[in-house]
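K.L.:
If it helps, the file is called run27.csv and holds CSV, C-alpha atoms:
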chain,number,residue,atom,x,y,z
A,2,MET,CA,213.6,138.6,110.2
A,3,LEU,CA,213.1,135.8,112.7
A,4,SER,CA,212.7,132.3,111.4
A,5,SER,CA,209.4,130.5,112.0
A,6,GLY,CA,208.6,127.1,113.4
A,7,SER,CA,211.5,126.7,115.8
A,8,MET,CA,210.2,128.2,119.1
A,9,VAL,CA,207.0,126.3,119.8
A,10,GLU,CA,206.4,122.6,120.2
A,11,ASP,CA,203.6,122.3,117.7
A,12,PRO,CA,204.3,124.8,114.8
A,13,VAL,CA,202.3,124.6,111.6
A,14,PRO,CA,204.4,123.4,108.6
A,15,LEU,CA,204.2,126.6,106.5
A,16,ALA,CA,206.1,125.3,103.5
A,17,ALA,CA,203.2,122.9,102.7
A,18,LEU,CA,200.3,125.3,103.5
A,19,GLY,CA,198.0,125.7,100.6
A,20,SER,CA,195.2,127.9,102.0
A,21,ALA,CA,194.1,129.7,105.1
A,22,LEU,CA,191.1,131.6,106.4
A,23,VAL,CA,191.5,134.5,108.9
A,24,ILE,CA,188.3,135.4,110.7
A,25,LYS,CA,187.8,138.9,112.3
A,26,LEU,CA,184.2,139.6,113.1
A,27,ARG,CA,184.4,143.1,114.7
A,28,HIS,CA,184.1,146.8,113.8
A,29,VAL,CA,185.9,148.7,111.1
A,30,GLY,CA,189.0,149.7,113.1
A,31,ASP,CA,189.4,146.2,114.6
A,32,VAL,CA,189.5,144.7,111.1
A,33,LEU,CA,192.1,147.2,109.9
A,34,LEU,CA,194.3,146.3,112.9
A,35,SER,CA,194.3,142.7,111.7
A,36,SER,CA,195.9,143.5,108.4
A,37,PRO,CA,199.4,142.7,109.5
A,38,VAL,CA,198.4,139.1,110.1
A,39,PHE,CA,197.9,138.6,106.4
A,40,SER,CA,201.1,140.4,105.4
A,41,VAL,CA,203.2,138.3,107.8
A,42,LEU,CA,201.6,135.0,107.0
A,43,LYS,CA,202.0,135.6,103.3
A,44,ARG,CA,205.7,136.3,103.7
A,45,ARG,CA,206.2,133.0,105.5
A,46,ALA,CA,203.9,131.0,103.2
A,47,PRO,CA,204.0,132.8,99.8
A,48,GLN,CA,202.4,129.9,98.0
A,49,ALA,CA,199.3,129.9,100.2
A,50,GLN,CA,196.0,131.5,99.3
A,51,LEU,CA,194.9,133.7,102.2
A,52,ASP,CA,191.3,134.7,102.6
A,53,ALA,CA,189.4,136.8,105.2
A,54,LEU,CA,186.0,136.5,106.7
A,55,VAL,CA,184.6,139.8,108.1
A,56,TYR,CA,181.3,141.7,108.3
A,57,ALA,CA,180.5,143.1,104.9
A,58,ASP,CA,180.5,146.7,106.1
A,59,THR,CA,184.1,146.3,107.3
A,60,ALA,CA,185.4,144.6,104.1
A,61,PRO,CA,186.9,147.9,102.6
A,62,MET,CA,189.6,147.7,105.3
A,63,LEU,CA,190.9,144.6,103.6
A,64,THR,CA,189.9,144.6,100.0
A,65,GLY,CA,192.9,145.4,97.8
A,66,HIS,CA,195.3,144.0,100.4
A,67,PRO,CA,198.1,142.4,98.3
A,68,SER,CA,198.3,139.4,100.5
A,69,ILE,CA,194.6,138.5,100.5
A,70,SER,CA,193.1,136.4,97.7
A,71,ARG,CA,189.4,136.8,98.7
A,72,VAL,CA,187.4,138.7,101.3
A,73,HIS,CA,184.2,137.0,102.3
A,74,GLY,CA,181.5,139.1,104.0
A,75,ILE,CA,178.7,138.5,106.4
A,76,ASP,CA,175.9,141.1,106.0
A,77,ARG,CA,174.6,142.2,109.3
A,78,ALA,CA,171.2,142.8,107.6
A,79,TRP,CA,170.8,139.0,107.3
A,80,LYS,CA,169.5,139.1,110.9
A,81,THR,CA,166.5,141.0,109.6
A,82,LEU,CA,165.6,138.5,106.9
A,83,GLY,CA,163.1,135.8,107.3
A,84,THR,CA,164.3,132.4,108.2
A,85,PRO,CA,164.4,130.9,104.6
A,86,ALA,CA,166.2,134.0,103.2
A,87,ARG,CA,168.7,134.0,106.0
A,88,ALA,CA,169.3,130.3,105.6
A,89,ARG,CA,170.0,130.7,101.9
A,90,ALA,CA,172.5,133.5,102.5
A,91,GLU,CA,174.3,131.6,105.2
A,92,TRP,CA,174.4,128.5,102.9
A,93,ARG,CA,175.9,130.4,100.0
A,94,LEU,CA,178.6,131.8,102.3
A,95,PHE,CA,179.4,128.4,103.7
A,96,ALA,CA,179.5,126.8,100.3
A,97,ALA,CA,181.9,129.5,99.1
A,98,LEU,CA,184.1,128.9,102.2
A,99,ARG,CA,184.0,125.1,101.8
A,100,ALA,CA,185.0,125.3,98.2
A,101,ARG,CA,188.3,127.0,99.2
A,102,ARG,CA,189.4,123.9,101.2
A,103,TYR,CA,191.2,125.7,104.0
A,104,GLU,CA,193.9,123.8,105.8
A,105,LEU,CA,194.4,126.5,108.4
A,106,VAL,CA,191.7,128.7,110.2
A,107,ILE,CA,192.9,131.6,112.3
A,108,HIS,CA,190.1,132.9,114.5
A,109,LEU,CA,190.9,136.3,116.1
A,110,THR,CA,187.9,136.8,118.4
A,111,GLU,CA,185.7,134.8,120.7
A,112,HIS,CA,182.8,134.7,118.3
A,113,TRP,CA,181.1,131.3,118.3
A,114,ARG,CA,181.0,131.2,114.5
A,115,GLY,CA,184.7,130.6,114.4
A,116,ALA,CA,184.3,127.3,116.3
A,117,TRP,CA,181.5,126.1,114.1
A,118,LEU,CA,183.5,126.9,110.9
A,119,ALA,CA,186.7,125.4,112.2
A,120,ARG,CA,184.8,122.1,112.6
A,121,ALA,CA,182.6,122.3,109.5
A,122,LEU,CA,185.4,123.3,107.1
A,123,GLY,CA,187.5,120.5,108.2
A,124,ALA,CA,190.7,122.5,108.6
A,125,ARG,CA,193.7,120.5,109.7
A,126,TRP,CA,194.9,123.4,112.0
A,127,ALA,CA,192.7,126.0,113.7
A,128,VAL,CA,193.8,128.8,116.1
A,129,ALA,CA,191.7,130.7,118.5
A,130,PRO,CA,192.0,132.6,121.8
A,131,VAL,CA,191.5,131.0,125.1
A,132,VAL,CA,188.1,132.3,126.3
A,133,ALA,CA,187.3,131.9,130.0
A,134,GLY,CA,184.2,129.9,130.7
A,135,ARG,CA,184.0,128.2,127.3
A,136,GLY,CA,183.3,124.5,127.5
A,137,ARG,CA,184.2,121.4,125.6
A,138,PHE,CA,182.8,122.4,122.2
A,139,TRP,CA,185.1,125.4,122.1
A,140,ARG,CA,188.1,123.5,123.3
A,141,GLU,CA,187.7,120.7,120.8
A,142,SER,CA,187.1,123.0,117.9
A,143,PHE,CA,190.7,124.2,117.6
A,144,THR,CA,194.2,122.7,117.6
A,145,HIS,CA,196.0,125.8,118.9
A,146,PHE,CA,195.0,128.3,121.6
A,147,VAL,CA,196.4,131.8,122.2
A,148,SER,CA,196.7,132.7,125.9
A,149,GLU,CA,194.6,135.5,127.2
A,150,PRO,CA,196.8,138.6,127.6
A,151,ARG,CA,197.4,139.9,131.1
A,152,ALA,CA,196.0,143.2,132.1
A,153,GLY,CA,198.1,146.1,130.9
A,154,GLY,CA,199.7,147.4,127.7
A,155,ARG,CA,199.6,145.2,124.7
A,156,HIS,CA,198.4,146.8,121.5
A,157,MET,CA,195.6,145.0,119.6
A,158,VAL,CA,197.9,144.7,116.6
A,159,GLU,CA,200.3,142.6,118.8
A,160,ARG,CA,197.4,140.6,120.2
A,161,ASN,CA,196.3,139.7,116.6
A,162,LEU,CA,199.8,138.7,115.7
A,163,ASP,CA,199.9,136.4,118.8
A,164,ALA,CA,197.8,134.0,116.8
A,165,LEU,CA,200.8,133.7,114.4
A,166,ARG,CA,203.3,133.5,117.2
A,167,ARG,CA,201.3,130.6,118.6
A,168,ILE,CA,201.9,128.5,115.4
A,169,GLY,CA,205.6,129.4,115.1
A,170,ILE,CA,205.7,132.7,113.2
A,171,TYR,CA,207.6,135.5,114.8
A,172,PRO,CA,207.2,138.8,112.9
A,173,GLY,CA,210.0,141.4,112.9
A,174,VAL,CA,209.2,145.0,113.9
A,175,GLU,CA,209.3,146.2,110.3
A,176,GLU,CA,206.7,143.6,109.3
A,177,ARG,CA,204.0,144.8,111.7
A,178,GLY,CA,202.7,147.8,109.8
A,179,LEU,CA,199.1,148.2,108.8
A,180,THR,CA,198.1,147.9,105.1
A,181,LEU,CA,195.2,149.8,103.6
A,182,ILE,CA,194.7,150.3,99.9
A,183,ALA,CA,192.3,153.1,98.9
A,184,GLY,CA,192.1,152.2,95.2
A,185,ALA,CA,192.1,154.2,92.0
A,186,ALA,CA,188.4,155.2,92.2
A,187,ALA,CA,188.7,156.6,95.7
A,188,GLU,CA,192.0,158.4,94.8
A,189,ASP,CA,190.4,160.0,91.8
A,190,ARG,CA,187.4,161.3,93.7
A,191,ILE,CA,189.6,162.8,96.4
A,192,THR,CA,191.7,164.5,93.8
A,193,GLN,CA,188.6,166.1,92.3
A,194,ILE,CA,187.3,167.2,95.7
A,195,LEU,CA,190.6,168.8,96.8
A,196,ALA,CA,190.8,170.6,93.4
A,197,GLN,CA,187.3,171.9,93.8
A,198,CYS,CA,188.2,173.2,97.3
A,199,GLY,CA,191.5,174.7,96.2
A,200,LEU,CA,193.5,172.4,98.6
A,201,ALA,CA,196.9,170.8,98.0
A,202,SER,CA,198.2,167.5,99.4
A,203,GLY,CA,200.0,168.0,102.7
A,204,ARG,CA,198.6,171.6,103.1
A,205,PHE,CA,195.5,170.9,105.2
A,206,VAL,CA,194.6,169.3,108.5
A,207,GLN,CA,191.9,166.7,108.7
A,208,VAL,CA,189.7,167.0,111.9
A,209,HIS,CA,187.5,164.1,112.7
A,210,PRO,CA,185.8,165.0,116.0
A,211,SER,CA,183.1,162.3,116.2
A,212,SER,CA,182.6,158.7,116.9
A,213,ARG,CA,179.6,156.4,117.0
A,214,TRP,CA,180.4,156.1,120.7
A,215,ARG,CA,179.6,159.6,122.1
A,216,PHE,CA,181.4,158.9,125.3
A,217,LYS,CA,184.7,159.1,123.3
A,218,CYS,CA,184.0,162.6,122.0
A,219,TRP,CA,185.3,166.0,123.1
A,220,PRO,CA,182.9,168.9,123.6
A,221,ALA,CA,182.0,170.6,120.3
A,222,ASP,CA,182.9,174.1,121.6
A,223,LYS,CA,186.4,172.9,122.5
A,224,MET,CA,186.9,171.3,119.1
A,225,ALA,CA,185.7,174.6,117.6
A,226,GLN,CA,188.4,176.4,119.5
A,227,LEU,CA,191.0,174.1,118.0
A,228,VAL,CA,189.7,174.8,114.5
A,229,GLU,CA,190.0,178.5,115.2
A,230,ARG,CA,193.6,178.1,116.3
A,231,LEU,CA,194.4,176.2,113.1
A,232,HIS,CA,192.8,178.9,111.1
A,233,ALA,CA,194.8,181.5,112.9
A,234,GLU,CA,198.0,179.6,112.0
A,235,GLY,CA,196.9,179.6,108.3
A,236,TRP,CA,196.0,175.9,108.2
A,237,PRO,CA,192.9,174.9,106.1
A,238,VAL,CA,190.7,172.5,108.0
A,239,VAL,CA,188.8,169.6,106.4
A,240,LEU,CA,186.1,168.1,108.6
A,241,THR,CA,185.0,164.5,108.3
A,242,ALA,CA,182.5,162.3,110.1
A,243,ALA,CA,180.4,159.2,109.4
A,244,PRO,CA,176.9,159.5,107.8
A,245,GLU,CA,175.1,159.3,111.0
A,246,PRO,CA,172.6,161.9,112.4
A,247,ALA,CA,174.3,162.2,115.7
A,248,GLU,CA,177.7,162.8,114.1
A,249,ALA,CA,176.2,165.3,111.6
A,250,GLN,CA,174.7,167.2,114.6
A,251,MET,CA,178.1,167.4,116.2
A,252,ILE,CA,179.7,168.8,113.1
A,253,GLY,CA,176.9,171.4,113.0
A,254,ASP,CA,177.5,172.3,116.6
A,255,ILE,CA,181.2,172.8,115.9
A,256,LEU,CA,180.5,175.0,112.9
A,257,LYS,CA,178.2,177.2,115.0
A,258,HIS,CA,181.2,178.1,117.1
A,259,VAL,CA,183.7,178.8,114.3
A,260,SER,CA,184.0,182.3,113.1
A,261,ARG,CA,184.8,181.5,109.4
A,262,PRO,CA,184.1,178.6,107.1
A,263,VAL,CA,186.3,175.6,107.1
A,264,ALA,CA,188.0,174.7,103.8
A,265,ALA,CA,185.7,171.7,103.4
A,266,ASN,CA,183.0,169.9,105.3
A,267,LEU,CA,183.0,166.3,104.0
A,268,ALA,CA,181.0,164.9,106.9
A,269,GLY,CA,178.9,161.9,105.7
A,270,GLN,CA,180.1,162.3,102.1
A,271,LEU,CA,183.0,159.8,101.9
A,272,SER,CA,183.2,156.0,101.7
A,273,LEU,CA,185.8,154.3,103.9
A,274,LYS,CA,188.1,154.0,100.9
A,275,GLU,CA,187.7,157.7,100.1
A,276,LEU,CA,188.3,158.6,103.7
A,277,ALA,CA,191.6,156.7,103.5
A,278,ALA,CA,192.6,158.5,100.3
A,279,LEU,CA,191.8,161.9,101.9
A,280,SER,CA,193.7,161.1,105.1
A,281,ALA,CA,196.7,160.1,103.0
A,282,ARG,CA,196.8,163.7,101.6
A,283,ALA,CA,196.4,165.5,105.0
A,284,ARG,CA,199.4,167.0,106.8
A,285,LEU,CA,197.9,165.9,110.1
A,286,PHE,CA,194.9,164.0,111.4
A,287,VAL,CA,193.3,165.2,114.6
A,288,GLY,CA,190.5,163.3,116.2
A,289,VAL,CA,189.2,160.9,118.8
A,290,ASP,CA,189.8,157.2,119.3
A,291,SER,CA,187.9,155.8,116.3
A,292,ALA,CA,188.3,153.9,113.1
A,293,PRO,CA,189.3,157.0,111.1
A,294,MET,CA,192.2,157.5,113.5
A,295,HIS,CA,193.4,154.0,112.6
A,296,ILE,CA,192.8,154.7,108.9
A,297,ALA,CA,195.0,157.8,109.1
A,298,ALA,CA,197.8,155.8,110.8
A,299,ALA,CA,197.5,153.0,108.3
A,300,VAL,CA,198.1,155.4,105.3
A,301,GLY,CA,201.1,157.0,107.1
A,302,THR,CA,199.6,160.4,108.2
A,303,PRO,CA,200.7,161.6,111.6
A,304,ALA,CA,197.8,161.6,114.1
A,305,VAL,CA,197.0,163.4,117.3
A,306,ALA,CA,194.3,161.5,119.1
A,307,LEU,CA,192.2,162.2,122.1
A,308,PHE,CA,191.7,159.4,124.5
A,309,GLY,CA,189.4,159.2,127.5
A,310,PRO,CA,187.7,156.0,128.8
A,311,SER,CA,189.4,153.8,126.1
A,312,GLY,CA,193.0,152.7,126.7
A,313,GLU,CA,195.8,153.9,124.4
A,314,ALA,CA,197.9,150.9,125.3
A,315,LEU,CA,195.5,148.8,123.3
A,316,TRP,CA,194.2,151.3,120.8
A,317,ALA,CA,196.7,154.1,120.1
A,318,PRO,CA,197.4,155.0,116.5
A,319,TRP,CA,199.8,152.3,115.2
A,320,GLY,CA,203.0,152.9,113.4
A,321,THR,CA,206.0,150.7,112.5
A,322,PRO,CA,208.4,151.4,113.8
A,323,ARG,CA,206.4,153.1,116.5
A,324,THR,CA,207.7,156.7,116.6
A,325,ALA,CA,206.7,160.2,117.7
A,326,SER,CA,204.7,160.6,114.4
A,327,HIS,CA,201.6,159.8,116.5
A,328,GLN,CA,200.6,161.3,119.8
A,329,VAL,CA,197.9,160.5,122.3
A,330,VAL,CA,196.4,163.3,124.4
A,331,ALA,CA,194.6,162.4,127.6
A,332,SER,CA,193.7,164.1,130.8
A,333,GLU,CA,196.0,163.6,133.7
A,334,GLY,CA,194.9,163.1,137.3
A,335,TYR,CA,192.3,160.5,136.6
A,336,SER,CA,193.3,157.3,138.3
A,337,CYS,CA,190.2,155.6,136.9
A,338,ARG,CA,191.2,155.8,133.2
A,339,PRO,CA,191.1,153.9,131.1
A,340,CYS,CA,187.9,152.5,132.5
A,341,GLY,CA,186.3,151.2,129.3
A,342,LEU,CA,182.9,152.4,130.4
A,343,ASP,CA,180.3,154.2,128.3
A,344,GLY,CA,180.8,157.5,130.1
A,345,CYS,CA,181.1,158.1,133.9
A,346,GLY,CA,178.5,155.9,135.6
A,347,GLY,CA,177.3,154.8,132.2
A,348,GLY,CA,176.0,158.3,131.5
A,349,LYS,CA,177.6,158.7,128.0
A,350,VAL,CA,179.7,161.6,129.1
A,351,SER,CA,183.3,161.1,130.2
A,352,ASP,CA,184.8,163.5,132.7
A,353,CYS,CA,188.3,162.7,131.6
A,354,LEU,CA,187.5,164.1,128.2
A,355,VAL,CA,185.2,167.0,128.9
A,356,THR,CA,187.7,168.5,131.3
A,357,LEU,CA,190.6,168.2,128.9
A,358,GLU,CA,191.8,171.7,128.1
A,359,VAL,CA,192.2,173.0,124.5
A,360,GLU,CA,195.8,174.0,125.3
A,361,SER,CA,196.8,170.4,125.9
A,362,LEU,CA,195.6,169.3,122.5
A,363,TRP,CA,196.9,172.4,120.8
A,364,ARG,CA,200.4,171.9,122.0
A,365,ALA,CA,200.5,168.4,120.5
A,366,VAL,CA,199.0,169.6,117.2
A,367,ARG,CA,201.4,172.6,117.0
A,368,GLU,CA,204.4,170.4,117.7
A,369,ARG,CA,203.6,168.2,114.7
A,370,LEU,CA,202.7,170.9,112.3
A,371,GLY,CA,205.8,172.9,113.2
A,372,GLY,CA,204.2,176.3,112.3
A,373,PRO,CA,202.2,177.7,109.5
A,374,PRO,CA,202.1,175.9,106.1
A,375,GLY,CA,205.2,176.8,104.1
Could the structure of this file be written out as structure tokens, please?
P.N.:
Amino acid sequence: MLSSGSMVEDPVPLAALGSALVIKLRHVGDVLLSSPVFSVLKRRAPQAQLDALVYADTAPMLTGHPSISRVHGIDRAWKTLGTPARARAEWRLFAALRARRYELVIHLTEHWRGAWLARALGARWAVAPVVAGRGRFWRESFTHFVSEPRAGGRHMVERNLDALRRIGIYPGVEERGLTLIAGAAAEDRITQILAQCGLASGRFVQVHPSSRWRFKCWPADKMAQLVERLHAEGWPVVLTAAPEPAEAQMIGDILKHVSRPVAANLAGQLSLKELAALSARARLFVGVDSAPMHIAAAVGTPAVALFGPSGEALWAPWGTPRTASHQVVASEGYSCRPCGLDGCGGGKVSDCLVTLEVESLWRAVRERLGGPPG
């Protein structure tokens, strides 16, 4: 483990740190990828109370984390409230944050709320990314700035940890793993579901073919061919998806092309914590670049992930140490990827995904399964 505080000119004195707030206002997967920040910071300042501020719907990614004292949530539905009701909700949140008397604020995104809070909470130290084009208000809201990463391969986990490196904390490789606690209630429900379906832990494959971003998805008929191959090898398949109409439709389209029923179709039936508990029992996760892919990696399940317009250098399944337990499958011959666009020309369909052959994905899946279930 590397020592902290000796390689930057202005490190934060961790031995005296009493409390810190880490802000990550992003989607579910993004919040999960911030979990090592809490683990590493708690190791260096075990006496400190560490809190998180996230959107309420992403909070399950951090609740139960052994290094976090409290998870504060911002409900996205506040935007739909009338002005008085929204003001009351915002004031209650601010009062709760102010009562914690944070000495350090670590802001992991460019969201303006982080600058306001760093000022209003009176933190002695505040860390944020350099954001091109931001003016004096942003610059004077923080004491430490994290340089913008150059274009190329630097995973989002490492980018999050750069906020700690900036204040003198240098995490070892073994410290950078994700942490996700499903909890007893979720574990119990998954135990019941698997028993009802006649499935044993480690003896089924979880297939999560969908994403809220349709341009990240593989065609339903090709995913159905993969399911058929798993069935032919004797592997039970459990399908999962979010409770969204578009994702339910995709699951339905896949099932239309499958000759026999899957072991379980749990699409839209699981909470995020339950999804984590299920993934932890699967022999393998197969799916697209999505939050469930990160959840599977966080609970230690090998993942085979399809990537198209999004970049695996930033978003690949994360493991520590990073080994061959996870594999990204992407089409070759596309000099344009990763482009980050919502489909080719913005048309919601990505050529680099729809042209990817079933055989390419199957080879990766077969390699990790190693044959029929024993």
K.L.:
One decimal, in Å: what's the spacing between atom CA of Lys223 of chain A and atom CA of Pro237 of chain A?
P.N.:
17.8 Å
K.L.:
Between atom CA of Val29 of chain A and atom CA of His295 of chain A, what is the distance in Å, rounded to a tenth?
P.N.:
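Atom CA of Val29 of chain A sits 9.3 Å away from atom CA of His295 of chain A.
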K.L.:
List as a PDB file with C-alpha atoms, in the frame of the given file the protein and nucleic acid residues near segment 101-115 of chain A, meaning an atom at most 8 Å away when all atoms listed in the file are counted, but skip any in the same chain fewer than 4 places from it.
P.N.:
ATOM      1  CA  LEU A  18     200.300 125.300 103.500  1.00  0.00           C
ATOM      2  CA  GLY A  19     198.000 125.700 100.600  1.00  0.00           C
ATOM      3  CA  SER A  20     195.200 127.900 102.000  1.00  0.00           C
ATOM      4  CA  ALA A  21     194.100 129.700 105.100  1.00  0.00           C
ATOM      5  CA  LEU A  22     191.100 131.600 106.400  1.00  0.00           C
ATOM      6  CA  VAL A  23     191.500 134.500 108.900  1.00  0.00           C
ATOM      7  CA  ILE A  24     188.300 135.400 110.700  1.00  0.00           C
ATOM      8  CA  LYS A  25     187.800 138.900 112.300  1.00  0.00           C
ATOM      9  CA  LEU A  26     184.200 139.600 113.100  1.00  0.00           C
ATOM     10  CA  ALA A  97     181.900 129.500  99.100  1.00  0.00           C
ATOM     11  CA  ALA A 119     186.700 125.400 112.200  1.00  0.00           C
ATOM     12  CA  LEU A 122     185.400 123.300 107.100  1.00  0.00           C
ATOM     13  CA  GLY A 123     187.500 120.500 108.200  1.00  0.00           C
ATOM     14  CA  ALA A 124     190.700 122.500 108.600  1.00  0.00           C
ATOM     15  CA  ARG A 125     193.700 120.500 109.700  1.00  0.00           C
ATOM     16  CA  TRP A 126     194.900 123.400 112.000  1.00  0.00           C
ATOM     17  CA  ALA A 127     192.700 126.000 113.700  1.00  0.00           C
ATOM     18  CA  VAL A 128     193.800 128.800 116.100  1.00  0.00           C
ATOM     19  CA  ALA A 129     191.700 130.700 118.500  1.00  0.00           C
ATOM     20  CA  PRO A 130     192.000 132.600 121.800  1.00  0.00           C
ATOM     21  CA  VAL A 132     188.100 132.300 126.300  1.00  0.00           C
ATOM     22  CA  ASN A 161     196.300 139.700 116.600  1.00  0.00           C
ATOM     23  CA  ALA A 164     197.800 134.000 116.800  1.00  0.00           C
TER      24      ALA A 164
END
K.L.:
Between atom CA of Ser148 of chain A and atom CA of Ile170 of chain A, what distance in Å does the model show, to one decimal?
P.N.:
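Computing the Euclidean distance for atom CA of Ser148 of chain A and atom CA of Ile170 of chain A yields 15.6 Å.
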K.L.:
How would you write as a list in words the residues that get within 9 Å of (201.2, 152.4, 111.6) in the file's frame, counting only C-alpha atoms?
P.N.:
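In the file's frame, the residues around the point are Arg177, Gly178, Leu179, Thr180, His295, Ala297, Ala298, Ala299, Val300, Gly301, Thr302, Pro318, Trp319, Gly320, Thr321, Pro322, Arg323 and His327 of chain A.
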K.L.:
Can you tell me, as a PDB file with C-alpha atoms, keeping the file's coordinate frame, what residues are no more than 10 Å from Val259 of chain A when counting all atoms listed in the file, ignoring any on the same chain fewer than 2 positions away?
P.N.:
ATOM      1  CA  ASP A 222     182.900 174.100 121.600  1.00  0.00           C
ATOM      2  CA  MET A 224     186.900 171.300 119.100  1.00  0.00           C
ATOM      3  CA  ALA A 225     185.700 174.600 117.600  1.00  0.00           C
ATOM      4  CA  GLN A 226     188.400 176.400 119.500  1.00  0.00           C
ATOM      5  CA  LEU A 227     191.000 174.100 118.000  1.00  0.00           C
ATOM      6  CA  VAL A 228     189.700 174.800 114.500  1.00  0.00           C
ATOM      7  CA  GLU A 229     190.000 178.500 115.200  1.00  0.00           C
ATOM      8  CA  HIS A 232     192.800 178.900 111.100  1.00  0.00           C
ATOM      9  CA  ASP A 254     177.500 172.300 116.600  1.00  0.00           C
ATOM     10  CA  ILE A 255     181.200 172.800 115.900  1.00  0.00           C
ATOM     11  CA  LEU A 256     180.500 175.000 112.900  1.00  0.00           C
ATOM     12  CA  LYS A 257     178.200 177.200 115.000  1.00  0.00           C
ATOM     13  CA  ARG A 261     184.800 181.500 109.400  1.00  0.00           C
ATOM     14  CA  PRO A 262     184.100 178.600 107.100  1.00  0.00           C
ATOM     15  CA  VAL A 263     186.300 175.600 107.100  1.00  0.00           C
TER      16      VAL A 263
END
K.L.:
Pick out the closest residue to Ala331 of chain A from this set: A:Leu362, A:Val147, A:Leu15, A:Ala304. Count only C-alpha atoms.
P.N.:
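Of A:Leu362, A:Val147, A:Leu15, A:Ala304, the one nearest Ala331 of chain A is A:Leu362, counting only C-alpha atoms.
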K.L.:
Just checking: using all atoms listed in the file, which residue out of A:Leu307, A:Leu315, A:Val287, A:Met62 ends up closest to Gln207 of chain A?
P.N.:
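Closest candidate: A:Val287.
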K.L.:
Which residues are close to segment 199-202 of chain A, i.e. within 9 Å by all atoms listed in the file, leaving aside same-chain residues fewer than 4 positions away? Reply as a JSON list (two decimals) with C-alpha atoms, in the frame of the given file.
P.N.:
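File written: result_17.json
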[["chain", "number", "residue", "atom", "x", "y", "z"],
["A", 194, "ILE", "CA", 187.30, 167.20, 95.70],
["A", 195, "LEU", "CA", 190.60, 168.80, 96.80],
["A", 237, "PRO", "CA", 192.90, 174.90, 106.10],
["A", 264, "ALA", "CA", 188.00, 174.70, 103.80],
["A", 279, "LEU", "CA", 191.80, 161.90, 101.90],
["A", 281, "ALA", "CA", 196.70, 160.10, 103.00],
["A", 282, "ARG", "CA", 196.80, 163.70, 101.60],
["A", 283, "ALA", "CA", 196.40, 165.50, 105.00],
["A", 284, "ARG", "CA", 199.40, 167.00, 106.80]]
K.L.:
Counting only C-alpha atoms, select every polymer residue within 7 Å of (180.8, 163.0, 107.9) as defined in the file's coordinates, and provide the selection as a list in words.
P.N.:
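It turns out the residues near that spot are Thr241, Ala242, Ala243, Pro244, Glu248, Ala249, Leu267, Ala268, Gly269 and Gln270 of chain A.
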K.L.:
Please complete segment 47-58 of chain A with N, CA and C atoms and give it back as a CSV table (one decimal), keeping the file's coordinate frame.
P.N.:
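Done, and the output landed in out_17.csv:
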chain,number,residue,atom,x,y,z
A,47,PRO,N,204.4,132.1,101.0
A,47,PRO,CA,204.0,132.8,99.8
A,47,PRO,C,203.1,132.0,98.8
A,48,GLN,N,203.2,130.7,98.9
A,48,GLN,CA,202.4,129.9,98.0
A,48,GLN,C,201.0,129.7,98.4
A,49,ALA,N,200.6,130.1,99.7
A,49,ALA,CA,199.3,129.9,100.2
A,49,ALA,C,198.3,131.0,99.7
A,50,GLN,N,197.1,130.6,99.5
A,50,GLN,CA,196.0,131.5,99.3
A,50,GLN,C,195.4,131.9,100.6
A,51,LEU,N,195.4,133.2,100.9
A,51,LEU,CA,194.9,133.7,102.2
A,51,LEU,C,193.6,134.4,102.0
A,52,ASP,N,192.6,134.0,102.7
A,52,ASP,CA,191.3,134.7,102.6
A,52,ASP,C,190.9,135.3,104.0
A,53,ALA,N,189.9,136.2,103.9
A,53,ALA,CA,189.4,136.8,105.2
A,53,ALA,C,187.9,136.6,105.2
A,54,LEU,N,187.4,136.5,106.4
A,54,LEU,CA,186.0,136.5,106.7
A,54,LEU,C,185.7,137.6,107.7
A,55,VAL,N,184.9,138.6,107.3
A,55,VAL,CA,184.6,139.8,108.1
A,55,VAL,C,183.1,140.2,107.9
A,56,TYR,N,182.6,141.1,108.6
A,56,TYR,CA,181.3,141.7,108.3
A,56,TYR,C,181.4,142.5,107.1
A,57,ALA,N,180.4,142.5,106.2
A,57,ALA,CA,180.5,143.1,104.9
A,57,ALA,C,180.8,144.6,105.0
A,58,ASP,N,180.3,145.3,106.0
A,58,ASP,CA,180.5,146.7,106.1
A,58,ASP,C,182.0,147.1,106.5
